[in-house]
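Here is start11.cif, consisting of mmCIF, C-alpha atoms:
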data_final
#
loop_
_atom_site.group_PDB
_atom_site.id
_atom_site.type_symbol
_atom_site.label_atom_id
_atom_site.label_comp_id
_atom_site.auth_asym_id
_atom_site.auth_seq_id
_atom_site.Cartn_x
_atom_site.Cartn_y
_atom_site.Cartn_z
ATOM 1 C CA ASP A 19 0.000 0.000 0.000
ATOM 2 C CA ILE A 20 2.826 2.377 0.828
ATOM 3 C CA ALA A 21 4.457 1.674 -2.534
ATOM 4 C CA LEU A 22 1.183 2.262 -4.360
ATOM 5 C CA LYS A 23 0.644 5.586 -2.563
ATOM 6 C CA ARG A 24 4.194 6.645 -3.368
ATOM 7 C CA ALA A 25 3.747 5.753 -7.054
ATOM 8 C CA LYS A 26 0.459 7.622 -7.189
ATOM 9 C CA LYS A 27 2.062 10.640 -5.533
ATOM 10 C CA ASP A 28 4.817 10.625 -8.152
ATOM 11 C CA VAL A 29 2.224 10.631 -10.939
ATOM 12 C CA THR A 30 0.353 13.512 -9.282
ATOM 13 C CA SER A 31 3.535 15.551 -8.868
ATOM 14 C CA GLU A 32 4.231 15.097 -12.584
ATOM 15 C CA ARG A 33 0.910 16.816 -13.288
ATOM 16 C CA THR A 34 2.197 20.059 -11.807
ATOM 17 C CA MET A 35 3.985 20.553 -15.132
ATOM 18 C CA LYS A 36 2.794 23.644 -16.972
ATOM 19 C CA ASP A 37 0.412 23.251 -19.880
ATOM 20 C CA GLY A 38 2.893 24.880 -22.239
ATOM 21 C CA GLU A 39 5.506 22.214 -21.492
ATOM 22 C CA LEU A 40 2.957 19.439 -21.986
ATOM 23 C CA VAL A 41 1.869 20.878 -25.326
ATOM 24 C CA ARG A 42 5.500 21.272 -26.410
ATOM 25 C CA ARG A 43 6.167 17.597 -25.705
ATOM 26 C CA LEU A 44 3.073 16.438 -27.540
ATOM 27 C CA ILE A 45 3.699 18.677 -30.555
ATOM 28 C CA GLN A 46 6.946 16.791 -31.136
ATOM 29 C CA TYR A 47 4.881 13.797 -32.231
ATOM 30 C CA ALA A 48 2.913 15.888 -34.728
ATOM 31 C CA LYS A 49 5.912 17.574 -36.389
ATOM 32 C CA PRO A 50 6.638 14.693 -38.834
ATOM 33 C CA TYR A 51 3.113 15.130 -40.244
ATOM 34 C CA LYS A 52 3.156 18.856 -41.024
ATOM 35 C CA LYS A 53 2.016 18.309 -44.621
ATOM 36 C CA GLU A 54 -0.967 16.196 -43.550
ATOM 37 C CA PHE A 55 -2.091 18.793 -41.001
ATOM 38 C CA ALA A 56 -1.623 21.575 -43.564
ATOM 39 C CA LEU A 57 -3.857 19.624 -45.972
ATOM 40 C CA VAL A 58 -6.465 19.188 -43.231
ATOM 41 C CA PHE A 59 -6.558 22.910 -42.441
ATOM 42 C CA PHE A 60 -6.780 23.714 -46.154
ATOM 43 C CA LEU A 61 -9.772 21.387 -46.522
ATOM 44 C CA MET A 62 -11.252 22.854 -43.364
ATOM 45 C CA VAL A 63 -11.559 26.215 -45.113
ATOM 46 C CA PHE A 64 -14.216 24.787 -47.440
ATOM 47 C CA SER A 65 -16.228 23.458 -44.495
ATOM 48 C CA ILE A 66 -16.026 26.874 -42.846
ATOM 49 C CA ILE A 67 -17.177 28.572 -46.065
ATOM 50 C CA TYR A 68 -20.205 26.272 -46.104
ATOM 51 C CA ASP A 69 -21.012 27.041 -42.462
ATOM 52 C CA LEU A 70 -20.880 30.781 -43.197
ATOM 53 C CA VAL A 71 -22.524 30.895 -46.623
ATOM 54 C CA ALA A 72 -25.266 28.275 -46.159
ATOM 55 C CA PRO A 73 -27.442 30.378 -43.780
ATOM 56 C CA LEU A 74 -27.158 33.366 -46.130
ATOM 57 C CA ILE A 75 -28.241 31.286 -49.143
ATOM 58 C CA ILE A 76 -31.159 29.753 -47.228
ATOM 59 C CA GLY A 77 -32.208 33.217 -46.057
ATOM 60 C CA GLY A 78 -32.069 34.448 -49.643
ATOM 61 C CA VAL A 79 -34.264 31.545 -50.792
ATOM 62 C CA GLU A 80 -36.801 32.264 -48.047
ATOM 63 C CA LYS A 81 -36.998 35.920 -49.097
ATOM 64 C CA LEU A 82 -37.272 34.875 -52.731
ATOM 65 C CA VAL A 83 -40.271 32.542 -52.289
ATOM 66 C CA LYS A 84 -42.269 35.094 -50.278
ATOM 67 C CA ASP A 85 -43.047 37.129 -53.378
ATOM 68 C CA ASP A 86 -43.344 36.432 -57.077
ATOM 69 C CA PHE A 87 -40.094 35.007 -58.405
ATOM 70 C CA GLU A 88 -38.581 33.419 -61.446
ATOM 71 C CA LEU A 89 -38.070 29.673 -61.253
ATOM 72 C CA GLN A 90 -34.680 30.014 -62.912
ATOM 73 C CA GLU A 91 -33.402 32.199 -60.072
ATOM 74 C CA LEU A 92 -34.589 29.662 -57.496
ATOM 75 C CA TYR A 93 -32.843 26.843 -59.380
ATOM 76 C CA MET A 94 -29.649 28.888 -59.424
ATOM 77 C CA LYS A 95 -29.685 29.484 -55.657
ATOM 78 C CA VAL A 96 -30.493 25.848 -54.917
ATOM 79 C CA GLY A 97 -27.748 24.736 -57.308
ATOM 80 C CA VAL A 98 -25.185 26.956 -55.582
ATOM 81 C CA TYR A 99 -26.238 25.619 -52.170
ATOM 82 C CA ALA A 100 -26.076 21.994 -53.346
ATOM 83 C CA THR A 101 -22.639 22.526 -54.907
ATOM 84 C CA ILE A 102 -21.225 24.052 -51.736
ATOM 85 C CA LEU A 103 -22.784 21.254 -49.670
ATOM 86 C CA VAL A 104 -21.264 18.483 -51.829
ATOM 87 C CA ILE A 105 -17.817 20.113 -51.800
ATOM 88 C CA SER A 106 -18.015 20.517 -48.022
ATOM 89 C CA MET A 107 -18.980 16.851 -47.568
ATOM 90 C CA LEU A 108 -16.109 15.656 -49.771
ATOM 91 C CA CYS A 109 -13.633 17.854 -47.906
ATOM 92 C CA THR A 110 -14.903 16.590 -44.570
ATOM 93 C CA TYR A 111 -14.572 12.978 -45.749
ATOM 94 C CA VAL A 112 -10.972 13.434 -46.946
ATOM 95 C CA GLN A 113 -10.159 15.378 -43.786
ATOM 96 C CA THR A 114 -11.467 12.554 -41.588
ATOM 97 C CA ILE A 115 -9.477 9.907 -43.475
ATOM 98 C CA VAL A 116 -6.230 11.899 -43.252
ATOM 99 C CA LEU A 117 -6.702 12.647 -39.547
ATOM 100 C CA GLN A 118 -7.435 9.024 -38.679
ATOM 101 C CA LYS A 119 -4.304 7.829 -40.476
ATOM 102 C CA VAL A 120 -2.147 10.486 -38.809
ATOM 103 C CA GLY A 121 -3.746 9.763 -35.433
ATOM 104 C CA GLN A 122 -2.943 6.052 -35.690
ATOM 105 C CA LYS A 123 0.673 6.822 -36.589
ATOM 106 C CA ILE A 124 1.017 9.222 -33.641
ATOM 107 C CA LEU A 125 -0.640 6.658 -31.369
ATOM 108 C CA SER A 126 1.843 4.014 -32.508
ATOM 109 C CA SER A 127 4.798 6.321 -31.817
ATOM 110 C CA LEU A 128 3.463 7.201 -28.364
ATOM 111 C CA ARG A 129 2.983 3.575 -27.394
ATOM 112 C CA GLN A 130 6.414 2.586 -28.644
ATOM 113 C CA ASP A 131 8.071 5.385 -26.649
ATOM 114 C CA ILE A 132 6.101 4.560 -23.499
ATOM 115 C CA PHE A 133 6.841 0.857 -23.844
ATOM 116 C CA SER A 134 10.542 1.604 -24.353
ATOM 117 C CA HIS A 135 10.471 3.822 -21.236
ATOM 118 C CA ILE A 136 8.839 1.056 -19.200
ATOM 119 C CA GLU A 137 11.488 -1.410 -20.351
ATOM 120 C CA SER A 138 14.194 1.017 -19.242
ATOM 121 C CA LEU A 139 12.899 1.119 -15.645
ATOM 122 C CA SER A 140 14.737 -0.815 -12.969
ATOM 123 C CA HIS A 141 13.291 -3.938 -11.334
ATOM 124 C CA GLU A 142 12.720 -2.009 -8.113
ATOM 125 C CA GLN A 143 10.665 0.638 -9.924
ATOM 126 C CA LEU A 144 8.628 -1.979 -11.780
ATOM 127 C CA ASN A 145 7.913 -3.819 -8.518
ATOM 128 C CA ASN A 146 6.496 -0.616 -6.985
ATOM 129 C CA ILE A 147 4.079 -0.001 -9.881
ATOM 130 C CA PRO A 148 1.123 -2.365 -10.480
ATOM 131 C CA VAL A 149 1.174 -4.098 -13.843
ATOM 132 C CA GLY A 150 -2.394 -2.976 -14.539
ATOM 133 C CA LYS A 151 -1.373 0.676 -14.182
ATOM 134 C CA LEU A 152 1.433 0.214 -16.706
ATOM 135 C CA VAL A 153 -0.935 -1.474 -19.167
ATOM 136 C CA THR A 154 -3.472 1.345 -18.759
ATOM 137 C CA ARG A 155 -0.829 3.982 -19.430
ATOM 138 C CA VAL A 156 0.190 2.261 -22.676
ATOM 139 C CA THR A 157 -3.343 1.574 -23.948
ATOM 140 C CA ASN A 158 -6.125 3.864 -22.654
ATOM 141 C CA ASP A 159 -4.159 7.033 -21.908
ATOM 142 C CA THR A 160 -2.379 7.087 -25.255
ATOM 143 C CA GLU A 161 -5.751 6.680 -26.999
ATOM 144 C CA ALA A 162 -6.972 9.857 -25.298
ATOM 145 C CA ILE A 163 -3.887 11.779 -26.462
ATOM 146 C CA SER A 164 -4.417 10.514 -30.006
ATOM 147 C CA MET A 165 -7.964 11.907 -29.900
ATOM 148 C CA MET A 166 -6.478 15.316 -29.142
ATOM 149 C CA PHE A 167 -4.675 15.329 -32.494
ATOM 150 C CA THR A 168 -7.492 13.807 -34.562
ATOM 151 C CA ASN A 169 -10.462 15.632 -33.052
ATOM 152 C CA VAL A 170 -9.882 18.283 -30.391
ATOM 153 C CA MET A 171 -7.256 20.431 -32.135
ATOM 154 C CA VAL A 172 -9.038 20.441 -35.502
ATOM 155 C CA THR A 173 -12.444 21.138 -33.956
ATOM 156 C CA LEU A 174 -10.998 23.969 -31.866
ATOM 157 C CA ALA A 175 -9.334 25.573 -34.879
ATOM 158 C CA LYS A 176 -12.457 25.207 -37.026
ATOM 159 C CA ASN A 177 -14.786 26.629 -34.378
ATOM 160 C CA SER A 178 -12.448 29.564 -33.781
ATOM 161 C CA MET A 179 -12.427 30.400 -37.501
ATOM 162 C CA VAL A 180 -16.207 30.029 -37.697
ATOM 163 C CA VAL A 181 -16.681 32.410 -34.750
ATOM 164 C CA VAL A 182 -14.425 35.015 -36.393
ATOM 165 C CA GLY A 183 -16.271 34.607 -39.693
ATOM 166 C CA VAL A 184 -19.693 34.879 -38.071
ATOM 167 C CA LEU A 185 -18.647 38.016 -36.192
ATOM 168 C CA GLY A 186 -17.423 39.532 -39.448
ATOM 169 C CA ALA A 187 -20.734 38.749 -41.163
ATOM 170 C CA MET A 188 -22.686 40.149 -38.206
ATOM 171 C CA LEU A 189 -20.677 43.368 -38.260
ATOM 172 C CA MET A 190 -21.457 43.821 -41.939
ATOM 173 C CA LEU A 191 -25.174 43.141 -41.422
ATOM 174 C CA ASN A 192 -25.740 45.117 -38.210
ATOM 175 C CA TYR A 193 -22.719 46.443 -36.350
ATOM 176 C CA ALA A 194 -24.766 48.031 -33.510
ATOM 177 C CA LEU A 195 -26.458 44.756 -32.591
ATOM 178 C CA THR A 196 -23.130 42.921 -32.881
ATOM 179 C CA LEU A 197 -21.464 45.313 -30.414
ATOM 180 C CA ILE A 198 -24.296 44.734 -27.933
ATOM 181 C CA ILE A 199 -23.785 40.963 -28.216
ATOM 182 C CA LEU A 200 -20.010 41.323 -27.784
ATOM 183 C CA ALA A 201 -20.602 43.113 -24.474
ATOM 184 C CA PHE A 202 -21.461 39.711 -22.954
ATOM 185 C CA VAL A 203 -18.266 38.027 -24.164
ATOM 186 C CA PRO A 204 -16.187 38.882 -21.015
ATOM 187 C CA PHE A 205 -18.785 37.142 -18.827
ATOM 188 C CA VAL A 206 -18.725 34.081 -21.070
ATOM 189 C CA VAL A 207 -14.922 33.960 -20.882
ATOM 190 C CA LEU A 208 -15.016 34.319 -17.085
ATOM 191 C CA PHE A 209 -17.523 31.490 -16.654
ATOM 192 C CA THR A 210 -15.509 29.330 -19.059
ATOM 193 C CA VAL A 211 -12.312 29.797 -17.042
ATOM 194 C CA ILE A 212 -14.121 28.938 -13.796
ATOM 195 C CA PHE A 213 -15.791 25.894 -15.337
ATOM 196 C CA ARG A 214 -12.486 24.739 -16.833
ATOM 197 C CA ARG A 215 -10.787 24.795 -13.441
ATOM 198 C CA PHE A 216 -13.377 22.573 -11.763
ATOM 199 C CA SER A 217 -14.030 20.308 -14.751
ATOM 200 C CA ARG A 218 -10.321 19.640 -15.192
ATOM 201 C CA GLU A 219 -9.969 18.458 -11.608
ATOM 202 C CA ALA A 220 -13.097 16.311 -11.922
ATOM 203 C CA HIS A 221 -11.843 14.834 -15.186
ATOM 204 C CA ARG A 222 -8.534 13.876 -13.584
ATOM 205 C CA ASN A 223 -10.322 12.271 -10.633
ATOM 206 C CA VAL A 224 -12.447 10.215 -13.030
ATOM 207 C CA ASN A 225 -9.333 9.137 -14.929
ATOM 208 C CA ASP A 226 -7.609 8.153 -11.670
ATOM 209 C CA ALA A 227 -10.639 6.113 -10.624
ATOM 210 C CA ARG A 228 -10.816 4.425 -14.036
ATOM 211 C CA THR A 229 -7.100 3.621 -13.840
ATOM 212 C CA ASP A 230 -7.532 2.109 -10.363
ATOM 213 C CA ILE A 231 -10.407 -0.064 -11.608
ATOM 214 C CA ASN A 232 -8.418 -1.263 -14.618
ATOM 215 C CA THR A 233 -5.444 -1.915 -12.382
ATOM 216 C CA TYR A 234 -7.548 -3.991 -9.995
ATOM 217 C CA LEU A 235 -9.094 -5.989 -12.845
ATOM 218 C CA SER A 236 -5.717 -6.614 -14.483
ATOM 219 C CA GLU A 237 -4.096 -7.671 -11.222
ATOM 220 C CA ASN A 238 -6.936 -9.958 -10.167
#

Structure translated into structure tokens:
Amino acid sequence: DIALKRAKKDVTSERTMKDGELVRRLIQYAKPYKKEFALVFFLMVFSIIYDLVAPLIIGGVEKLVKDDFELQELYMKVGVYATILVISMLCTYVQTIVLQKVGQKILSSLRQDIFSHIESLSHEQLNNIPVGKLVTRVTNDTEAISMMFTNVMVTLAKNSMVVVGVLGAMLMLNYALTLIILAFVPFVVLFTVIFRRFSREAHRNVNDARTDINTYLSEN
């Protein structure tokens, strides 16, 4: 029990590392795939264009059908919308395929490095750490890090670009109303920071509990 508590304390002390250092270490695994990530962000632009243009096209169609209109004009608007939709779907498909391939390669590199690190530990260190905890670190935890590269980072970048684009469109349509809406942004940021602090601690506690369960199951 004393050895387990000491090992768990060592893991907790490692988590005092700053976020910037953690990101720097993880980015090292993504550097060999710069071209793939550049392709993903290029394809992401088309998805963002669809997210920004689609509501405007739909709004234009709704205004068009309220009054007398020419069928040719309606066909043109629907054709433009369908074309943008198809291009966005194709870009999203290619983007998903590329990210999954890159994510699997990064996951493989992570697991190889972790396994090599475990093999480099002394017998005394290995005796103080449950086998189930080592297996969990190599399997489940690396899967979560892989998800960061294949999902979290891309989604964050896309949503950030969409927000900037939407704000730009809102400013062009009605700058006064947009400025009123932006007045609430500081409160949103404040609540987000507070929520992040508590949710991060809760997330780590859940991960610790899951690791303990997996360790118990693997050992018994």

So which residues fall inside 12 Å of (-5.1, 3.9, -23.6) if we count all atoms listed in the file? Mind giving them as a JSON list (two decimals) with C-alpha atoms, keeping the file's coordinate frame?
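What ended up in part30.json:
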[["chain", "number", "residue", "atom", "x", "y", "z"],
["A", 125, "LEU", "CA", -0.64, 6.66, -31.37],
["A", 126, "SER", "CA", 1.84, 4.01, -32.51],
["A", 128, "LEU", "CA", 3.46, 7.20, -28.36],
["A", 129, "ARG", "CA", 2.98, 3.58, -27.39],
["A", 132, "ILE", "CA", 6.10, 4.56, -23.50],
["A", 150, "GLY", "CA", -2.39, -2.98, -14.54],
["A", 151, "LYS", "CA", -1.37, 0.68, -14.18],
["A", 152, "LEU", "CA", 1.43, 0.21, -16.71],
["A", 153, "VAL", "CA", -0.94, -1.47, -19.17],
["A", 154, "THR", "CA", -3.47, 1.34, -18.76],
["A", 155, "ARG", "CA", -0.83, 3.98, -19.43],
["A", 156, "VAL", "CA", 0.19, 2.26, -22.68],
["A", 157, "THR", "CA", -3.34, 1.57, -23.95],
["A", 158, "ASN", "CA", -6.12, 3.86, -22.65],
["A", 159, "ASP", "CA", -4.16, 7.03, -21.91],
["A", 160, "THR", "CA", -2.38, 7.09, -25.26],
["A", 161, "GLU", "CA", -5.75, 6.68, -27.00],
["A", 162, "ALA", "CA", -6.97, 9.86, -25.30],
["A", 163, "ILE", "CA", -3.89, 11.78, -26.46],
["A", 164, "SER", "CA", -4.42, 10.51, -30.01],
["A", 165, "MET", "CA", -7.96, 11.91, -29.90],
["A", 225, "ASN", "CA", -9.33, 9.14, -14.93],
["A", 228, "ARG", "CA", -10.82, 4.42, -14.04],
["A", 229, "THR", "CA", -7.10, 3.62, -13.84],
["A", 232, "ASN", "CA", -8.42, -1.26, -14.62]]

Point out the residue among A:Ser140, A:Asn146, A:Thr210, A:Thr114 with the least atom-to-atom distance to Val58 of chain A, counting all atoms listed in the file.
-> A:Thr114

Looking at A:Leu189, A:Gln122, A:Ile105, A:Asp85, which one is nearest to Met166 of chain A, with distances taken over all atoms listed in the file?
-> A:Gln122

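Distances from A:Ala72, A:Ala201, A:Leu195, A:Met179 to Thr101 of chain A were compared using only C-alpha atoms, and the smallest one belongs to A:Ala72.
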
At most 12 Å from (-32.1, 33.2, -56.7), file frame, all atoms listed in the file: which residues, as a ChimeraX atom specification?
-> /A:74-83,86-99

List the neighbours of segment 183-186 of chain A out to 9 Å using all atoms listed in the file; skip same-chain residues closer than 3 positions along the sequence, and give me the result as a PyMOL selection string.
-> chain A and resi 66-67+70+178-180+189-191+196

Take every atom of segment 214-231 of chain A listed in the file, fit an axis-aligned box around them, add 4 Å per side, and give the centre and edge lengths in Å to one decimal as AutoDock Vina command-line options.
--center_x -10.6 --center_y 12.4 --center_z -13.6 --size_x 14.9 --size_y 32.9 --size_z 14.5

Give me the residues within 10 Å of Val149 of chain A as a ChimeraX atom specification, counting all atoms listed in the file and dropping any in the same chain fewer than 5 places off.
-> /A:144,154,233-234,236-237

With only C-alpha atoms as the basis for distance, which of A:Ile231, A:Val120, A:Val63, A:Leu174 is at the shortest distance from Pro50 of chain A?
->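 Smallest separation from Pro50 of chain A among the options: A:Val120.
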
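Here atom CA of Phe209 of chain A is placed at a distance of 24.7 Å from atom CA of Ala194 of chain A.
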
Expressed in Å to a single decimal, how great is the separation between atom CA of Ile45 of chain A and atom CA of Tyr68 of chain A?
->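 According to the coordinates, atom CA of Ile45 of chain A and atom CA of Tyr68 of chain A are separated by 29.5 Å.
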